[in-house]
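Heads up: the structure comes next, in structure tokens.
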Amino acid sequence: MRIVQAAGWYAPDSLGGTELYVAALSDRLRRLGHDVLVAAPDAAHTSERHYAHDGIPVYRYPIPESITRDEARGFALVRGAERFHRWLSSAHADVVHVHTFVTGLGLAEVAAARAAGSRVIVTSHSASLGFLCERGTMLRLGRALCDGVAEPIKCATCALQKRGVPPWAGALASRVERVAPASVDLPGRVGTLFAMPSLIRANMAAQERLFSLVDAFVVLSRWAAEALMANGAPPEKVVLNRLGVAPRIGGWPSKAPPQQAPTTSPIAVGYVGRAEDIKGLEDFVRAVVLMKKAVPIQARVVALASGEHERTILERCRRLAARDARVVFEDPVNPHKIPALLASLDVLVCPSRALEGGPTIALEAHAVGTPVVGSAIPALSELIRDGVNGALYPPGDVRRLAGLLTELAHDPARIDTWRTQLPAVRLFDAVTAEYLRLYQA
């Protein structure tokens with residue numbers, strides 16, 4: 001088969017979780033004899049680029065750095081995306097597999113793939129689940145897991161609250177939305193305030209249109225599958241294909257069993273991931289700083305900051321922990337060294353503040369025998385059995401996280417009990433096999 005993997009970003013420009021996922025899937029498909037190409041929009045260049053990454057041909061099509069409001073809302077084709085449409089027509093792909101929607105890769109591109117005669121598969125790696133969550137986290141008002149059902153006034157109030165509008169003001173503006181429908185381009189915050197409910201309705205219509213075009217919509221957690229169906233998605237098109245771990249060069253290190261090497265004090269807890277708002281790095285640092293200075297704990301931060309916003313978050317965390325010697329900031333490591341890093345921790349903390357498909361780092365921690373403490377959101381809540389093989393806490397509840405880590409620091413034996421109950425880790429070969437079933441259906 002000829003298979004196009006379309007992603008919002010790609011290596012070597014970007015090395016986030018979605019890019020690594022696409023790279024791992026592409027590599028396995030190629031090894032199985034399939035013709036694989038990767039395509040991604042590119043806001044950093046003004047001309048089309050063709051190159052190979054790890055033996056896979058990559059096509060990058062230019063889009064503008066600054067987009068119009070209509071392009072952002074999906075009311076107009078993003079400039080430059082028409083080149084991707086023409087490329088799809090000439091690629092003659094049996095399957096076009098789209099990974100999450102971003103600027104320049106959205107509903108119009110799904111329609112173009114369908115028009116080119118390809119089977120279309122979409123995998124959602126983000127909390128938006130297509131076009132359902134305008135806030136992009138699936139956390140109601142940023143505090144607790146949403147019920148996942150899109151409703152114009154409810155969702156508009158939540159999305160506006162993220163933009164600094166108090167919920168009462170957002171609800172009031174939402175009830176007079178027809179004063180300024182989404183098609184009216186009012187200036188600045190006023191336009192956003194009154195047009196948001198209509199934008200939510202447009203998103204709901206886009207979601208319905210999306211499911212009329214795709215052959216399958218893949219999600220990474222059971223909760224996400226149920227949310228899609230609660231919003232009217234055809235059950236036969238909703239597919240659960242959980243994350244898996246890929247083999248690492250040198251293999252996965254294996255910790256000695258607790259009987260031979262019990263956890264000792266001070267315990268080593270760590271954060272490994274991007275310095276993004278939704279990943280919760282600041283929550284982790286604040287939790288450790290809140291703990292009494294006598295608590296025997298070592299907190300290791302291995303955070304990648306690739307953009308100005310992420311660097312700002314990382315610097316803010318450094319300032320927060322400036323007077324707490326227990327918090328140590330380490331340089332990011334080569335991906336091949338991640339397993340050894342995870343094995344050196346007693347506990348990995350995943351303080352996510354948005355619906356996750358994993359995260360993959362949590363599965364990798366389990367693969368080396370390291371338990372996870374994480375926020376109680378899918379898919380962490382489907383991976384961790386609270387109090388049995390790890391611990392869960394309400395997302396954003398820094399004090400509760402501090403309390404959990406304090407309890408572990410004073411009772412390291414609990415970590416050893418968790419280690420004996422870690423679940424079997426799914427391999428990426430199983431992920432690939434499920435996709436092949438969808439491609440060939």
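The way I read the labels, and the way they are meant: chains A, B, ... in the order of the structure tokens, residue 1 as the first residue of every chain, and ligand 1 as the first ligand shown, with later ones counted on from there.
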| message | I'd like the contact shell of Phe211 in chain A - 10 Å cut-off, only C-alpha atoms, skipping same-chain residues fewer than 2 positions apart - returned as a ChimeraX atom specification. | response | /A:122,130,206-209,213-217,232-234,237-238
Any chance you could export the current selection's N, CA and C atoms as a PDB file, in the first residue's frame?
```pdb
ATOM      1  N   VAL A 122      -8.198   9.275  10.692  1.00  0.00           N
ATOM      2  CA  VAL A 122      -7.769  10.381  11.549  1.00  0.00           C
ATOM      3  C   VAL A 122      -7.457   9.831  12.931  1.00  0.00           C
ATOM      4  N   GLY A 130     -10.751  16.326  17.582  1.00  0.00           N
ATOM      5  CA  GLY A 130     -11.309  16.864  16.347  1.00  0.00           C
ATOM      6  C   GLY A 130     -11.636  18.323  16.569  1.00  0.00           C
ATOM      7  N   ALA A 206     -18.569  21.229  11.944  1.00  0.00           N
ATOM      8  CA  ALA A 206     -17.334  20.691  11.360  1.00  0.00           C
ATOM      9  C   ALA A 206     -17.098  19.257  11.822  1.00  0.00           C
ATOM     10  N   GLN A 207     -17.414  18.981  13.085  1.00  0.00           N
ATOM     11  CA  GLN A 207     -17.243  17.624  13.608  1.00  0.00           C
ATOM     12  C   GLN A 207     -18.166  16.650  12.881  1.00  0.00           C
ATOM     13  N   GLU A 208     -19.391  17.081  12.637  1.00  0.00           N
ATOM     14  CA  GLU A 208     -20.339  16.225  11.902  1.00  0.00           C
ATOM     15  C   GLU A 208     -19.858  15.987  10.477  1.00  0.00           C
ATOM     16  N   ARG A 209     -19.367  17.048   9.843  1.00  0.00           N
ATOM     17  CA  ARG A 209     -18.837  16.925   8.486  1.00  0.00           C
ATOM     18  C   ARG A 209     -17.618  16.004   8.473  1.00  0.00           C
ATOM     19  N   LEU A 213     -16.762  12.245   6.311  1.00  0.00           N
ATOM     20  CA  LEU A 213     -15.661  12.083   5.370  1.00  0.00           C
ATOM     21  C   LEU A 213     -14.715  10.950   5.728  1.00  0.00           C
ATOM     22  N   VAL A 214     -14.486  10.694   7.024  1.00  0.00           N
ATOM     23  CA  VAL A 214     -13.450   9.737   7.418  1.00  0.00           C
ATOM     24  C   VAL A 214     -13.978   8.308   7.397  1.00  0.00           C
ATOM     25  N   ASP A 215     -13.053   7.382   7.232  1.00  0.00           N
ATOM     26  CA  ASP A 215     -13.388   5.965   7.349  1.00  0.00           C
ATOM     27  C   ASP A 215     -13.271   5.492   8.790  1.00  0.00           C
ATOM     28  N   ALA A 216     -12.374   6.119   9.536  1.00  0.00           N
ATOM     29  CA  ALA A 216     -12.231   5.772  10.951  1.00  0.00           C
ATOM     30  C   ALA A 216     -11.602   6.955  11.687  1.00  0.00           C
ATOM     31  N   PHE A 217     -12.046   7.146  12.925  1.00  0.00           N
ATOM     32  CA  PHE A 217     -11.491   8.184  13.800  1.00  0.00           C
ATOM     33  C   PHE A 217     -10.919   7.451  15.014  1.00  0.00           C
ATOM     34  N   GLY A 232     -22.618  12.177  19.039  1.00  0.00           N
ATOM     35  CA  GLY A 232     -23.269  11.750  17.814  1.00  0.00           C
ATOM     36  C   GLY A 232     -22.390  11.071  16.792  1.00  0.00           C
ATOM     37  N   ALA A 233     -21.143  10.788  17.129  1.00  0.00           N
ATOM     38  CA  ALA A 233     -20.268  10.102  16.176  1.00  0.00           C
ATOM     39  C   ALA A 233     -20.759   8.680  15.943  1.00  0.00           C
ATOM     40  N   PRO A 234     -20.749   8.201  14.694  1.00  0.00           N
ATOM     41  CA  PRO A 234     -21.164   6.821  14.422  1.00  0.00           C
ATOM     42  C   PRO A 234     -20.241   5.841  15.138  1.00  0.00           C
ATOM     43  N   LYS A 237     -17.374   4.048  13.380  1.00  0.00           N
ATOM     44  CA  LYS A 237     -16.211   4.796  12.904  1.00  0.00           C
ATOM     45  C   LYS A 237     -15.255   5.181  14.034  1.00  0.00           C
ATOM     46  N   VAL A 238     -15.627   4.950  15.265  1.00  0.00           N
ATOM     47  CA  VAL A 238     -14.798   5.304  16.411  1.00  0.00           C
ATOM     48  C   VAL A 238     -13.970   4.081  16.815  1.00  0.00           C
TER      49      VAL A 238
END
```
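For Leu363 in chain A, the set of protein, DNA and RNA residues having any atom at most 8 Å away, when counting only C-alpha atoms and skipping those fewer than 5 positions along the same chain, is Gly244, Val245, Gly358 and Val425 of chain A.
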| said: Can you tell me which residues surround Gln298 in chain A at a distance of at most 12 Å, considering only C-alpha atoms, apart from same-chain residues fewer than 6 positions away, and format the answer as a ChimeraX atom specification? | reply: /A:264-271,285,288-289,291,324-329,344-348,405-406,408-409
Keeping only C-alpha atoms, take the residues you just selected and write them out as an mmCIF file, in the first residue's frame.
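And here is the file that came out, again26.cif:
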```cif
data_model
loop_
_atom_site.group_PDB
_atom_site.id
_atom_site.type_symbol
_atom_site.label_atom_id
_atom_site.label_comp_id
_atom_site.auth_asym_id
_atom_site.auth_seq_id
_atom_site.Cartn_x
_atom_site.Cartn_y
_atom_site.Cartn_z
ATOM 1 C CA THR A 264 15.425 4.180 50.061
ATOM 2 C CA SER A 265 15.196 7.704 51.413
ATOM 3 C CA PRO A 266 15.392 10.337 50.050
ATOM 4 C CA ILE A 267 13.149 9.239 47.216
ATOM 5 C CA ALA A 268 13.871 10.494 43.696
ATOM 6 C CA VAL A 269 10.834 11.850 41.882
ATOM 7 C CA GLY A 270 10.986 13.411 38.462
ATOM 8 C CA TYR A 271 9.289 15.293 35.665
ATOM 9 C CA VAL A 285 7.608 22.455 40.967
ATOM 10 C CA VAL A 288 7.708 20.301 45.848
ATOM 11 C CA VAL A 289 8.324 23.852 47.050
ATOM 12 C CA MET A 291 6.500 20.571 51.021
ATOM 13 C CA ASP A 324 14.848 24.907 47.381
ATOM 14 C CA ALA A 325 17.935 22.758 46.883
ATOM 15 C CA ARG A 326 15.772 19.647 46.551
ATOM 16 C CA VAL A 327 14.699 20.760 43.051
ATOM 17 C CA VAL A 328 17.369 20.071 40.431
ATOM 18 C CA PHE A 329 17.004 21.182 36.806
ATOM 19 C CA SER A 344 16.925 6.070 37.863
ATOM 20 C CA LEU A 345 13.727 7.598 39.294
ATOM 21 C CA ASP A 346 11.700 6.082 42.108
ATOM 22 C CA VAL A 347 8.526 7.807 40.862
ATOM 23 C CA LEU A 348 7.648 9.673 37.678
ATOM 24 C CA LEU A 405 4.678 13.097 47.480
ATOM 25 C CA THR A 406 5.128 13.808 51.197
ATOM 26 C CA LEU A 408 5.680 8.618 49.671
ATOM 27 C CA ALA A 409 8.806 10.327 51.004
#
```
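Checking A:Arg28, A:Pro152, A:Thr157, A:Ile200 one by one against Ala433 in chain A, counting only C-alpha atoms, you find the shortest gap at A:Arg28.
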| Near Ala116 in chain A, counting only C-alpha atoms, which residues have an atom at most 9 Å away, once you skip same-chain residues fewer than 2 positions from it, shown as a PyMOL selection string? | chain A and resi 85+88-93+111-114+118
Got a sec: who's within 9 Å of range 131-133 of chain A, counting only C-alpha atoms, leaving out chain neighbours fewer than 5 positions off, as an mmCIF file with C-alpha atoms, in the first residue's frame?
```
data_model
loop_
_atom_site.group_PDB
_atom_site.id
_atom_site.type_symbol
_atom_site.label_atom_id
_atom_site.label_comp_id
_atom_site.auth_asym_id
_atom_site.auth_seq_id
_atom_site.Cartn_x
_atom_site.Cartn_y
_atom_site.Cartn_z
ATOM 1 C CA PHE A 101 -5.699 19.127 13.349
ATOM 2 C CA MET A 138 -11.368 18.949 28.020
ATOM 3 C CA GLY A 148 -17.231 15.803 26.890
ATOM 4 C CA VAL A 149 -20.570 16.877 25.393
ATOM 5 C CA ALA A 150 -20.337 20.000 23.225
ATOM 6 C CA CYS A 155 -18.427 25.508 25.732
ATOM 7 C CA ALA A 159 -13.426 28.886 26.109
ATOM 8 C CA ILE A 200 -18.855 26.546 18.883
ATOM 9 C CA ASN A 203 -17.131 23.524 15.354
ATOM 10 C CA MET A 204 -20.002 21.130 16.012
ATOM 11 C CA ALA A 205 -20.971 21.280 12.336
ATOM 12 C CA ALA A 206 -17.334 20.691 11.360
ATOM 13 C CA GLN A 207 -17.243 17.624 13.608
ATOM 14 C CA LEU A 210 -15.587 15.286 9.575
ATOM 15 C CA LEU A 228 -17.144 11.134 20.593
ATOM 16 C CA ASN A 231 -21.647 13.808 20.555
#
```
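If you measure from each of A:Gly142, A:Pro235, A:Pro423, A:Gly357 to Ile384 in chain A using only C-alpha atoms, the closest one turns out to be A:Pro423.
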| request: Would you mind listing what lies within 12 Å of Ala402 in chain A as a PyMOL selection string, with only C-alpha atoms counted and same-chain residues fewer than 2 positions away left out? | output: chain A and resi 269+283-292+295+297+299+349+351+373-374+393-394+396-400+404-409
File of the preceding selection, C-alpha atoms, as a short mmCIF file (atom, residue, chain, number, x, y, z; two decimals), in the first residue's frame:
```
data_model
loop_
_atom_site.label_atom_id
_atom_site.label_comp_id
_atom_site.auth_asym_id
_atom_site.auth_seq_id
_atom_site.Cartn_x
_atom_site.Cartn_y
_atom_site.Cartn_z
CA VAL A 269 10.83 11.85 41.88
CA ASP A 283 2.34 22.33 39.22
CA PHE A 284 5.10 19.81 39.93
CA VAL A 285 7.61 22.45 40.97
CA ARG A 286 5.07 24.31 43.13
CA ALA A 287 4.12 21.05 44.86
CA VAL A 288 7.71 20.30 45.85
CA VAL A 289 8.32 23.85 47.05
CA LEU A 290 5.15 23.61 49.18
CA MET A 291 6.50 20.57 51.02
CA LYS A 292 8.23 21.09 54.35
CA VAL A 295 10.69 16.06 53.76
CA ILE A 297 12.86 14.03 48.59
CA ALA A 299 12.94 16.40 42.62
CA VAL A 349 5.17 12.55 38.05
CA PRO A 351 0.89 16.46 36.27
CA VAL A 373 1.85 9.66 40.09
CA GLY A 374 -0.43 11.60 37.76
CA TYR A 393 -4.93 13.45 42.14
CA PRO A 394 -7.34 16.12 40.82
CA GLY A 396 -4.19 21.28 39.06
CA ASP A 397 -4.51 20.44 42.77
CA VAL A 398 -0.96 21.36 43.80
CA ARG A 399 -1.60 20.83 47.51
CA ARG A 400 -2.91 17.32 46.97
CA LEU A 404 0.96 12.54 47.99
CA LEU A 405 4.68 13.10 47.48
CA THR A 406 5.13 13.81 51.20
CA GLU A 407 3.42 10.52 52.07
CA LEU A 408 5.68 8.62 49.67
CA ALA A 409 8.81 10.33 51.00
#
```
